[in-house]
$ cat target_8.pdb   # PDB, C-alpha atoms
ATOM      1  CA  MET M   1      -7.155 -11.219  21.355
ATOM      2  CA  PRO M   2      -3.696  -9.796  20.626
ATOM      3  CA  SER M   3      -1.372  -9.342  23.605
ATOM      4  CA  LYS M   4       1.745  -7.294  24.320
ATOM      5  CA  ALA M   5       3.617 -10.587  24.840
ATOM      6  CA  MET M   6       3.463 -11.060  21.054
ATOM      7  CA  ILE M   7       5.661  -8.026  20.348
ATOM      8  CA  GLY M   8       8.936  -8.925  18.682
ATOM      9  CA  ARG M   9       7.860 -12.415  17.754
ATOM     10  CA  THR M  10       8.663 -13.586  14.253
ATOM     11  CA  LEU M  11       5.320 -14.466  12.770
ATOM     12  CA  SER M  12       6.490 -16.441   9.784
ATOM     13  CA  THR M  13       8.862 -16.566   6.871
ATOM     14  CA  GLY M  14       8.202 -17.288   3.254
ATOM     15  CA  SER M  15       9.319 -16.553  -0.258
ATOM     16  CA  ALA M  16       7.773 -14.869  -3.264
ATOM     17  CA  ALA M  17       8.724 -15.407  -6.897
ATOM     18  CA  VAL M  18       8.033 -12.201  -8.807
ATOM     19  CA  ASP M  19       6.212 -13.296 -11.939
ATOM     20  CA  ALA M  20       6.052 -10.976 -14.985
ATOM     21  CA  ALA M  21       2.421 -11.817 -15.814
ATOM     22  CA  HIS M  22       1.344 -11.219 -12.215
ATOM     23  CA  VAL M  23       3.131  -7.849 -12.075
ATOM     24  CA  ALA M  24       1.481  -6.844 -15.370
ATOM     25  CA  ALA M  25      -1.969  -7.878 -14.087
ATOM     26  CA  PHE M  26      -1.407  -5.886 -10.897
ATOM     27  CA  ALA M  27      -0.391  -2.746 -12.843
ATOM     28  CA  ARG M  28      -3.361  -3.187 -15.183
ATOM     29  CA  ALA M  29      -5.737  -3.449 -12.179
ATOM     30  CA  LEU M  30      -4.365  -0.110 -10.943
ATOM     31  CA  GLY M  31      -4.939   1.388 -14.391
ATOM     32  CA  ASP M  32      -1.204   2.115 -14.547
ATOM     33  CA  GLU M  33       0.200   1.762 -18.063
ATOM     34  CA  ASP M  34       3.864   2.489 -17.283
ATOM     35  CA  PRO M  35       5.744   0.233 -19.772
ATOM     36  CA  ARG M  36       8.331  -0.644 -17.074
ATOM     37  CA  TYR M  37       5.667  -2.883 -15.458
ATOM     38  CA  PHE M  38       5.007  -4.774 -18.703
ATOM     39  CA  ASP M  39       8.586  -5.754 -19.581
ATOM     40  CA  ALA M  40       9.127  -9.494 -18.985
ATOM     41  CA  GLU M  41      12.915  -9.136 -19.400
ATOM     42  CA  ARG M  42      13.962  -6.067 -17.426
ATOM     43  CA  GLY M  43      10.695  -5.010 -15.811
ATOM     44  CA  VAL M  44      10.069  -3.852 -12.259
ATOM     45  CA  ALA M  45       6.960  -3.892 -10.060
ATOM     46  CA  PRO M  46       4.802  -0.932  -8.957
ATOM     47  CA  PRO M  47       5.581   0.386  -5.438
ATOM     48  CA  THR M  48       2.575  -1.226  -3.727
ATOM     49  CA  TYR M  49       3.082  -4.640  -5.378
ATOM     50  CA  PRO M  50       4.322  -6.345  -2.154
ATOM     51  CA  ILE M  51       0.725  -6.348  -0.893
ATOM     52  CA  ALA M  52      -0.098  -8.808  -3.688
ATOM     53  CA  PHE M  53       2.174 -11.514  -2.254
ATOM     54  CA  MET M  54       2.815 -10.706   1.420
ATOM     55  CA  VAL M  55      -0.231 -12.272   3.063
ATOM     56  CA  GLN M  56      -0.259 -15.383   0.864
ATOM     57  CA  ALA M  57       3.478 -15.968   1.090
ATOM     58  CA  LEU M  58       3.476 -15.578   4.850
ATOM     59  CA  ALA M  59       0.501 -17.597   5.994
ATOM     60  CA  GLY M  60      -2.073 -18.295   3.325
ATOM     61  CA  GLY M  61      -4.850 -15.831   3.924
ATOM     62  CA  ALA M  62      -7.174 -15.670   6.910
ATOM     63  CA  SER M  63      -5.200 -17.991   9.236
ATOM     64  CA  VAL M  64      -2.582 -15.296   9.823
ATOM     65  CA  PHE M  65      -5.264 -13.029  11.291
ATOM     66  CA  GLU M  66      -6.483 -15.807  13.550
ATOM     67  CA  GLU M  67      -2.963 -16.405  14.779
ATOM     68  CA  LEU M  68      -2.676 -12.684  15.534
ATOM     69  CA  GLY M  69      -5.860 -12.877  17.590
ATOM     70  CA  LEU M  70      -7.638 -10.433  15.282
ATOM     71  CA  ASP M  71     -11.266 -10.826  14.346
ATOM     72  CA  PHE M  72     -11.348 -11.219  10.550
ATOM     73  CA  VAL M  73     -14.996 -10.054  10.408
ATOM     74  CA  THR M  74     -14.269  -6.582  11.811
ATOM     75  CA  LEU M  75     -10.708  -6.367  10.486
ATOM     76  CA  VAL M  76      -9.676  -3.038   8.972
ATOM     77  CA  HIS M  77      -6.436  -2.054   7.292
ATOM     78  CA  GLY M  78      -5.705   1.150   9.200
ATOM     79  CA  GLU M  79      -2.332   2.220   7.908
ATOM     80  CA  GLN M  80       0.313   1.000   5.501
ATOM     81  CA  GLU M  81       3.895   2.077   5.156
ATOM     82  CA  PHE M  82       6.578   1.009   2.683
ATOM     83  CA  GLU M  83      10.284   1.799   2.601
ATOM     84  CA  TYR M  84      12.196   0.845  -0.520
ATOM     85  CA  ALA M  85      15.886   0.278  -1.145
ATOM     86  CA  ARG M  86      15.152  -0.317  -4.836
ATOM     87  CA  PRO M  87      12.241  -1.436  -7.039
ATOM     88  CA  ILE M  88      11.316  -5.126  -7.030
ATOM     89  CA  ARG M  89      12.528  -6.793 -10.232
ATOM     90  CA  VAL M  90      10.541  -9.155 -12.402
ATOM     91  CA  GLY M  91      11.982 -12.665 -12.242
ATOM     92  CA  GLU M  92      13.613 -12.400  -8.821
ATOM     93  CA  THR M  93      12.648 -14.362  -5.730
ATOM     94  CA  LEU M  94      12.344 -12.491  -2.449
ATOM     95  CA  THR M  95      12.621 -13.929   1.033
ATOM     96  CA  LEU M  96      10.028 -12.531   3.432
ATOM     97  CA  THR M  97      10.226 -12.316   7.200
ATOM     98  CA  ALA M  98       7.286 -10.983   9.169
ATOM     99  CA  ARG M  99       7.436  -9.952  12.796
ATOM    100  CA  ILE M 100       5.007  -8.370  15.192
ATOM    101  CA  ALA M 101       6.348  -4.869  15.728
ATOM    102  CA  ASP M 102       3.684  -3.559  18.106
ATOM    103  CA  VAL M 103       0.422  -4.440  19.823
ATOM    104  CA  TYR M 104      -1.844  -1.897  21.514
ATOM    105  CA  GLU M 105      -5.481  -1.142  22.194
ATOM    106  CA  LYS M 106      -7.586   2.007  21.956
ATOM    107  CA  GLN M 107     -11.084   2.857  23.062
ATOM    108  CA  GLY M 108     -13.139   3.569  19.932
ATOM    109  CA  SER M 109     -16.687   4.892  19.580
ATOM    110  CA  SER M 110     -18.007   1.346  19.059
ATOM    111  CA  GLY M 111     -15.887  -0.424  21.676
ATOM    112  CA  LEU M 112     -12.343  -1.524  22.352
ATOM    113  CA  MET M 113     -10.131  -1.708  19.259
ATOM    114  CA  ASP M 114      -7.085  -3.987  18.931
ATOM    115  CA  PHE M 115      -4.131  -2.701  16.898
ATOM    116  CA  VAL M 116      -1.406  -4.990  15.570
ATOM    117  CA  VAL M 117       1.557  -3.613  13.632
ATOM    118  CA  LEU M 118       3.070  -6.223  11.357
ATOM    119  CA  GLU M 119       6.529  -5.555   9.952
ATOM    120  CA  THR M 120       7.608  -7.487   6.881
ATOM    121  CA  GLU M 121      11.074  -7.368   5.354
ATOM    122  CA  GLY M 122      11.738  -8.522   1.802
ATOM    123  CA  THR M 123      15.333  -9.493   1.001
ATOM    124  CA  ASP M 124      16.896 -10.489  -2.309
ATOM    125  CA  ALA M 125      19.117 -13.445  -3.272
ATOM    126  CA  ALA M 126      22.184 -11.557  -1.976
ATOM    127  CA  GLY M 127      20.517 -11.095   1.416
ATOM    128  CA  LYS M 128      20.036  -7.360   0.920
ATOM    129  CA  THR M 129      16.857  -5.588   2.007
ATOM    130  CA  VAL M 130      14.626  -4.627  -0.931
ATOM    131  CA  PHE M 131      11.637  -3.314   0.990
ATOM    132  CA  LEU M 132      10.177  -2.946   4.459
ATOM    133  CA  SER M 133       6.448  -2.950   5.046
ATOM    134  CA  ARG M 134       4.600  -1.784   8.144
ATOM    135  CA  ASN M 135       0.999  -2.849   8.192
ATOM    136  CA  THR M 136      -1.361  -1.618  10.922
ATOM    137  CA  LEU M 137      -4.342  -3.929  11.334
ATOM    138  CA  ILE M 138      -7.311  -2.974  13.487
ATOM    139  CA  SER M 139     -10.186  -5.109  14.738
ATOM    140  CA  ARG M 140     -13.008  -4.492  17.145
ATOM    141  CA  ARG M 141     -12.932  -6.570  20.338
ATOM    142  CA  ARG M 142     -16.043  -8.715  20.695
ATOM    143  CA  ALA M 143     -17.906  -8.255  23.971
TER     144      ALA M 143
ATOM    145  CA  MET P   1       8.012  15.307 -13.248
ATOM    146  CA  ILE P   2       9.730  17.387 -10.583
ATOM    147  CA  ASP P   3      12.995  19.157 -11.380
ATOM    148  CA  ALA P   4      15.572  18.264  -8.692
ATOM    149  CA  ARG P   5      17.375  21.591  -9.163
ATOM    150  CA  THR P   6      14.386  23.842  -8.531
ATOM    151  CA  VAL P   7      12.266  21.770  -6.123
ATOM    152  CA  ALA P   8      11.291  23.719  -2.987
ATOM    153  CA  VAL P   9       8.992  23.467   0.014
ATOM    154  CA  GLY P  10       5.391  24.230  -0.966
ATOM    155  CA  LEU P  11       5.705  22.962  -4.533
ATOM    156  CA  GLU P  12       2.614  21.053  -5.642
ATOM    157  CA  LEU P  13       3.197  17.740  -7.389
ATOM    158  CA  PRO P  14       1.384  17.330 -10.739
ATOM    159  CA  PRO P  15      -2.067  15.877  -9.826
ATOM    160  CA  LEU P  16      -3.171  12.488 -11.168
ATOM    161  CA  VAL P  17      -6.878  11.869 -11.836
ATOM    162  CA  LYS P  18      -8.175   8.270 -11.588
ATOM    163  CA  GLY P  19     -11.650   6.917 -12.134
ATOM    164  CA  PRO P  20     -14.569   7.087 -11.954
ATOM    165  CA  VAL P  21     -14.169   3.988  -9.786
ATOM    166  CA  THR P  22     -16.094   0.991 -11.162
ATOM    167  CA  ARG P  23     -17.142  -2.379  -9.699
ATOM    168  CA  GLU P  24     -15.253  -4.096 -12.529
ATOM    169  CA  GLN P  25     -12.114  -2.328 -11.375
ATOM    170  CA  LEU P  26     -12.641  -3.518  -7.784
ATOM    171  CA  ARG P  27     -13.051  -7.106  -9.023
ATOM    172  CA  ALA P  28      -9.881  -6.800 -11.112
ATOM    173  CA  TYR P  29      -7.928  -5.384  -8.170
ATOM    174  CA  ALA P  30      -9.265  -8.072  -5.807
ATOM    175  CA  ALA P  31      -8.053 -10.771  -8.216
ATOM    176  CA  ALA P  32      -4.664  -9.200  -8.964
ATOM    177  CA  SER P  33      -3.870  -8.379  -5.335
ATOM    178  CA  GLY P  34      -5.168 -11.676  -3.931
ATOM    179  CA  ASP P  35      -7.485  -9.945  -1.470
ATOM    180  CA  PRO P  36     -10.264 -12.413  -0.579
ATOM    181  CA  ASN P  37     -12.480  -9.895   1.277
ATOM    182  CA  PRO P  38     -15.983  -9.903  -0.359
ATOM    183  CA  MET P  39     -16.577  -6.412   1.099
ATOM    184  CA  HIS P  40     -15.084  -5.018  -2.121
ATOM    185  CA  THR P  41     -16.792  -7.275  -4.657
ATOM    186  CA  ASP P  42     -20.157  -8.449  -3.280
ATOM    187  CA  ASP P  43     -22.818  -5.746  -2.762
ATOM    188  CA  GLU P  44     -25.076  -8.058  -0.727
ATOM    189  CA  PHE P  45     -22.216  -8.946   1.619
ATOM    190  CA  ALA P  46     -21.337  -5.256   2.094
ATOM    191  CA  LYS P  47     -24.989  -4.355   2.750
ATOM    192  CA  ALA P  48     -25.293  -7.170   5.319
ATOM    193  CA  ALA P  49     -22.296  -5.609   7.085
ATOM    194  CA  GLY P  50     -24.106  -2.252   7.233
ATOM    195  CA  TYR P  51     -22.569  -0.439   4.259
ATOM    196  CA  PRO P  52     -24.560   0.998   1.329
ATOM    197  CA  GLY P  53     -22.595  -1.332  -0.977
ATOM    198  CA  VAL P  54     -19.078  -2.344  -1.970
ATOM    199  CA  PHE P  55     -16.205   0.102  -1.501
ATOM    200  CA  ALA P  56     -12.677   0.285  -2.860
ATOM    201  CA  HIS P  57      -9.682  -1.440  -1.272
ATOM    202  CA  GLY P  58      -7.532   1.032   0.659
ATOM    203  CA  MET P  59      -4.556  -0.466  -1.154
ATOM    204  CA  LEU P  60      -6.077   0.457  -4.531
ATOM    205  CA  SER P  61      -5.911   4.123  -3.498
ATOM    206  CA  MET P  62      -2.376   3.603  -2.236
ATOM    207  CA  GLY P  63      -1.548   2.049  -5.613
ATOM    208  CA  TRP P  64      -2.765   5.220  -7.355
ATOM    209  CA  LEU P  65      -0.567   7.278  -5.042
ATOM    210  CA  GLY P  66       2.316   5.011  -6.076
ATOM    211  CA  GLU P  67       1.676   5.813  -9.758
ATOM    212  CA  PHE P  68       1.366   9.512  -8.900
ATOM    213  CA  LEU P  69       4.764   9.454  -7.115
ATOM    214  CA  VAL P  70       6.542   7.469  -9.840
ATOM    215  CA  ARG P  71       5.338  10.094 -12.339
ATOM    216  CA  ALA P  72       6.481  12.928 -10.062
ATOM    217  CA  GLY P  73       9.885  11.322  -9.477
ATOM    218  CA  GLY P  74      10.271  10.101 -13.058
ATOM    219  CA  ASP P  75      11.259   6.541 -12.103
ATOM    220  CA  PRO P  76      10.020   3.744  -9.807
ATOM    221  CA  ALA P  77      13.470   3.857  -8.149
ATOM    222  CA  ALA P  78      12.796   7.453  -7.038
ATOM    223  CA  VAL P  79      10.158   6.320  -4.536
ATOM    224  CA  ARG P  80      11.904   5.645  -1.211
ATOM    225  CA  LYS P  81       8.995   5.801   1.229
ATOM    226  CA  LEU P  82       5.237   5.857   1.124
ATOM    227  CA  ARG P  83       3.000   5.860   4.181
ATOM    228  CA  THR P  84      -0.784   6.142   4.121
ATOM    229  CA  ARG P  85      -3.644   6.239   6.570
ATOM    230  CA  PHE P  86      -7.013   5.073   5.288
ATOM    231  CA  VAL P  87      -9.249   7.882   6.532
ATOM    232  CA  LYS P  88     -12.500   7.572   4.564
ATOM    233  CA  LEU P  89     -13.948   4.963   2.228
ATOM    234  CA  THR P  90     -13.791   5.362  -1.544
ATOM    235  CA  TRP P  91     -16.998   4.433  -3.406
ATOM    236  CA  PRO P  92     -17.829   3.281  -6.953
ATOM    237  CA  GLY P  93     -18.684   6.294  -9.113
ATOM    238  CA  GLU P  94     -16.226   8.627  -7.407
ATOM    239  CA  THR P  95     -13.484  10.353  -9.372
ATOM    240  CA  ILE P  96     -10.280  10.410  -7.359
ATOM    241  CA  THR P  97      -7.444  12.892  -7.662
ATOM    242  CA  CYS P  98      -4.019  12.163  -6.167
ATOM    243  CA  ARG P  99      -2.336  15.271  -4.836
ATOM    244  CA  GLY P 100       0.817  16.189  -2.956
ATOM    245  CA  ARG P 101       2.923  19.041  -1.708
ATOM    246  CA  VAL P 102       6.626  19.250  -0.857
ATOM    247  CA  THR P 103       7.226  19.656   2.893
ATOM    248  CA  LYS P 104      11.022  19.325   3.146
ATOM    249  CA  VAL P 105      14.060  19.125   0.870
ATOM    250  CA  THR P 106      17.387  17.711   2.081
ATOM    251  CA  ASP P 107      20.557  16.540   0.374
ATOM    252  CA  ALA P 108      21.898  13.015   0.777
ATOM    253  CA  PRO P 109      25.242  11.971  -0.757
ATOM    254  CA  ASP P 110      23.559  10.245  -3.684
ATOM    255  CA  ALA P 111      20.416  12.284  -4.214
ATOM    256  CA  ARG P 112      18.142  15.149  -3.267
ATOM    257  CA  LEU P 113      15.512  13.857  -0.855
ATOM    258  CA  VAL P 114      12.076  15.405  -1.285
ATOM    259  CA  GLU P 115       9.551  14.834   1.506
ATOM    260  CA  CYS P 116       5.914  15.351   0.576
ATOM    261  CA  GLU P 117       2.496  15.139   2.106
ATOM    262  CA  VAL P 118       0.263  13.153  -0.226
ATOM    263  CA  TRP P 119      -3.430  12.404  -0.331
ATOM    264  CA  THR P 120      -6.360  11.325  -2.487
ATOM    265  CA  GLU P 121      -9.590  13.296  -2.681
ATOM    266  CA  ASN P 122     -12.901  12.832  -4.463
ATOM    267  CA  GLN P 123     -14.638  15.245  -6.860
ATOM    268  CA  ASP P 124     -15.926  17.262  -3.862
ATOM    269  CA  GLY P 125     -12.472  17.675  -2.347
ATOM    270  CA  GLU P 126     -13.135  15.143   0.437
ATOM    271  CA  ARG P 127      -9.878  13.515   1.565
ATOM    272  CA  LYS P 128      -9.926   9.715   1.511
ATOM    273  CA  VAL P 129      -6.370   8.519   2.013
ATOM    274  CA  ALA P 130      -3.688  10.700   3.539
ATOM    275  CA  GLY P 131      -0.011  10.178   4.149
ATOM    276  CA  ALA P 132       3.552  11.102   3.380
ATOM    277  CA  ALA P 133       6.245  10.101   0.925
ATOM    278  CA  VAL P 134       9.942  10.534   0.222
ATOM    279  CA  LEU P 135      11.283  10.850  -3.317
ATOM    280  CA  ALA P 136      14.984  10.613  -4.092
ATOM    281  CA  LEU P 137      15.833  12.746  -7.123
ATOM    282  CA  SER P 138      19.110  12.695  -8.979
ATOM    283  CA  ARG P 139      20.824  16.117  -8.877
ATOM    284  CA  ARG P 140      22.244  15.730 -12.364
TER     285      ARG P 140
END
$ encode --input "target_8.pdb" --output "structure tokens"
Amino acid sequence: MPSKAMIGRTLSTGSAAVDAAHVAAFARALGDEDPRYFDAERGVAPPTYPIAFMVQALAGGASVFEELGLDFVTLVHGEQEFEYARPIRVGETLTLTARIADVYEKQGSSGLMDFVVLETEGTDAAGKTVFLSRNTLISRRRA
Amino acid sequence: MIDARTVAVGLELPPLVKGPVTREQLRAYAAASGDPNPMHTDDEFAKAAGYPGVFAHGMLSMGWLGEFLVRAGGDPAAVRKLRTRFVKLTWPGETITCRGRVTKVTDAPDARLVECEVWTENQDGERKVAGAAVLALSRR
């Protein structure tokens, strides 16, 4: 299970190459036809696009949840927050750093719930912050 | 699109209607977002977990709110913050409307900052995803 001792720890680092075809597929899946998401030369990505590369780039799927001590079976995405310095540009490569911002527990109606707040920063080639993500993950503690 | 010169607290952002939500759409979003959770694509899996069937990814609703805010701000660069809480599940067949209201207007050196409460609701007015956003609008 997650523990307070994990707070502040850097979880992992990774990088994400922002591919034009992937951005277009993401926008299409949202039903968003804004032409700025379909421009391979000067395009940008929709605001929630970081979700499409964060988990994979940082740990490759389910293993990250295991490392956090969260039960993947009962895992729920409780809250999500993004702050943006600018839109993500097609063709750029972002460096990602994820840290554990907070760990706490709450008594829920169906038992004890574990909360982990994951903070991910995306920086560009110049080292400037492009976006910050705060992801609150919740899982039910097994008896 | 909101006019930076006349924006005021209480102003409603132009609503954006999405849906009805389909299973094909959930499969497309699962593939494009790289979400491996079968809860959104496999009815049998969802039923085994105690749900009536598959339901939409919370991040799909947040994506719609992103589109809604880009339209309101006129540019992807206008969206400075977006925070959502996933309150209730969104089901196939539901028609979702993204809505928002201005809660605060302040001036930064480079832009007018417009804080809003934002949410999605179904055809019966039931709120599904609720949160807040900040748009930065050029004063020119």
$ resolve_selection --input "target_8.pdb" --expression "the PyMOL selection byres ((chain P) within 10 of (chain M))" --output "ChimeraX atom specification"
/P:18-19,24-37,49,57-71,75-87,129-134
$ resolve_selection --input "target_8.pdb" --expression "the PyMOL selection byres ((chain P and resi 4) around 12)" --output "list in words"
Met1, Ile2, Asp3, Arg5, Thr6, Val7, Ala8, Leu11, Ala72, Gly73, Gly74, Ala78, Val102, Val105, Thr106, Asp107, Ala111, Arg112, Leu113, Val114, Leu135, Ala136, Leu137, Ser138, Arg139 and Arg140 of chain P
$ closest_residue --input "target_8.pdb" --among "M:Leu11, M:Ala125, M:Met1, M:Ala21" --to "M:Leu94" --atoms "only C-alpha atoms"
M:Ala125
$ atom_distance --input "target_8.pdb" --atom1 "atom CA of M:Thr123" --atom2 "atom CA of M:Ser139"
29.3 Å
$ atom_distance --input "target_8.pdb" --atom1 "atom CA of P:Thr41" --atom2 "atom CA of P:Trp119"
24.2 Å
$ atom_distance --input "target_8.pdb" --atom1 "atom CA of P:Gly53" --atom2 "atom CA of P:Pro92"
8.9 Å
$ axis_aligned_box --input "target_8.pdb" --around "stretch 51-62 of chain P" --padding-each-side "5 Å" --output "AutoDock Vina command-line options"
--center_x -13.5 --center_y 0.9 --center_z -0.1 --size_x 32.2 --size_y 16.5 --size_z 18.8
$ closest_residue --input "target_8.pdb" --among "M:Thr93, M:Arg141, M:Ala126, M:Arg99" --to "M:Met113" --atoms "only C-alpha atoms"
M:Arg141
$ resolve_selection --input "target_8.pdb" --expression "the PyMOL selection byres ((chain P and resi 101) around 7)" --output "PDB file with C-alpha atoms, in the frame of the given file"
ATOM      1  CA  GLY P  10       5.391  24.230  -0.966  1.00  0.00           C
ATOM      2  CA  LEU P  11       5.705  22.962  -4.533  1.00  0.00           C
ATOM      3  CA  GLU P  12       2.614  21.053  -5.642  1.00  0.00           C
ATOM      4  CA  LEU P  13       3.197  17.740  -7.389  1.00  0.00           C
ATOM      5  CA  GLY P 100       0.817  16.189  -2.956  1.00  0.00           C
ATOM      6  CA  VAL P 102       6.626  19.250  -0.857  1.00  0.00           C
ATOM      7  CA  THR P 103       7.226  19.656   2.893  1.00  0.00           C
ATOM      8  CA  CYS P 116       5.914  15.351   0.576  1.00  0.00           C
ATOM      9  CA  GLU P 117       2.496  15.139   2.106  1.00  0.00           C
ATOM     10  CA  VAL P 118       0.263  13.153  -0.226  1.00  0.00           C
TER      11      VAL P 118
END
$ closest_residue --input "target_8.pdb" --among "P:Arg23, P:Leu16, P:Asn122, P:Glu44" --to "P:Glu94" --atoms "only C-alpha atoms"
P:Asn122
$ build_atoms --input "target_8.pdb" --residues "stretch 97-110 of chain P" --atoms "N, CA and C atoms" --output "PDB file, keeping the file's coordinate frame"
ATOM      1  N   THR P  97      -8.648  12.171  -7.252  1.00  0.00           N
ATOM      2  CA  THR P  97      -7.444  12.892  -7.662  1.00  0.00           C
ATOM      3  C   THR P  97      -6.364  12.701  -6.595  1.00  0.00           C
ATOM      4  N   CYS P  98      -5.177  12.291  -7.054  1.00  0.00           N
ATOM      5  CA  CYS P  98      -4.019  12.163  -6.167  1.00  0.00           C
ATOM      6  C   CYS P  98      -3.302  13.508  -6.160  1.00  0.00           C
ATOM      7  N   ARG P  99      -3.005  13.985  -4.962  1.00  0.00           N
ATOM      8  CA  ARG P  99      -2.336  15.271  -4.836  1.00  0.00           C
ATOM      9  C   ARG P  99      -1.192  15.189  -3.835  1.00  0.00           C
ATOM     10  N   GLY P 100      -0.285  16.163  -3.899  1.00  0.00           N
ATOM     11  CA  GLY P 100       0.817  16.189  -2.956  1.00  0.00           C
ATOM     12  C   GLY P 100       1.514  17.524  -2.953  1.00  0.00           C
ATOM     13  N   ARG P 101       2.223  17.774  -1.863  1.00  0.00           N
ATOM     14  CA  ARG P 101       2.923  19.041  -1.708  1.00  0.00           C
ATOM     15  C   ARG P 101       4.248  18.771  -1.004  1.00  0.00           C
ATOM     16  N   VAL P 102       5.292  19.439  -1.444  1.00  0.00           N
ATOM     17  CA  VAL P 102       6.626  19.250  -0.857  1.00  0.00           C
ATOM     18  C   VAL P 102       6.673  19.908   0.523  1.00  0.00           C
ATOM     19  N   THR P 103       7.150  19.138   1.525  1.00  0.00           N
ATOM     20  CA  THR P 103       7.226  19.656   2.893  1.00  0.00           C
ATOM     21  C   THR P 103       8.660  19.865   3.370  1.00  0.00           C
ATOM     22  N   LYS P 104       9.631  19.214   2.700  1.00  0.00           N
ATOM     23  CA  LYS P 104      11.022  19.325   3.146  1.00  0.00           C
ATOM     24  C   LYS P 104      11.946  18.867   2.018  1.00  0.00           C
ATOM     25  N   VAL P 105      13.064  19.537   1.865  1.00  0.00           N
ATOM     26  CA  VAL P 105      14.060  19.125   0.870  1.00  0.00           C
ATOM     27  C   VAL P 105      15.411  19.038   1.565  1.00  0.00           C
ATOM     28  N   THR P 106      16.057  17.877   1.481  1.00  0.00           N
ATOM     29  CA  THR P 106      17.387  17.711   2.081  1.00  0.00           C
ATOM     30  C   THR P 106      18.300  17.033   1.069  1.00  0.00           C
ATOM     31  N   ASP P 107      19.608  17.164   1.290  1.00  0.00           N
ATOM     32  CA  ASP P 107      20.557  16.540   0.374  1.00  0.00           C
ATOM     33  C   ASP P 107      21.253  15.358   1.030  1.00  0.00           C
ATOM     34  N   ALA P 108      21.152  14.207   0.375  1.00  0.00           N
ATOM     35  CA  ALA P 108      21.898  13.015   0.777  1.00  0.00           C
ATOM     36  C   ALA P 108      23.079  12.908  -0.189  1.00  0.00           C
ATOM     37  N   PRO P 109      24.075  12.074   0.138  1.00  0.00           N
ATOM     38  CA  PRO P 109      25.242  11.971  -0.757  1.00  0.00           C
ATOM     39  C   PRO P 109      24.871  11.607  -2.192  1.00  0.00           C
ATOM     40  N   ASP P 110      23.867  10.752  -2.346  1.00  0.00           N
ATOM     41  CA  ASP P 110      23.559  10.245  -3.684  1.00  0.00           C
ATOM     42  C   ASP P 110      22.380  10.929  -4.360  1.00  0.00           C
TER      43      ASP P 110
END
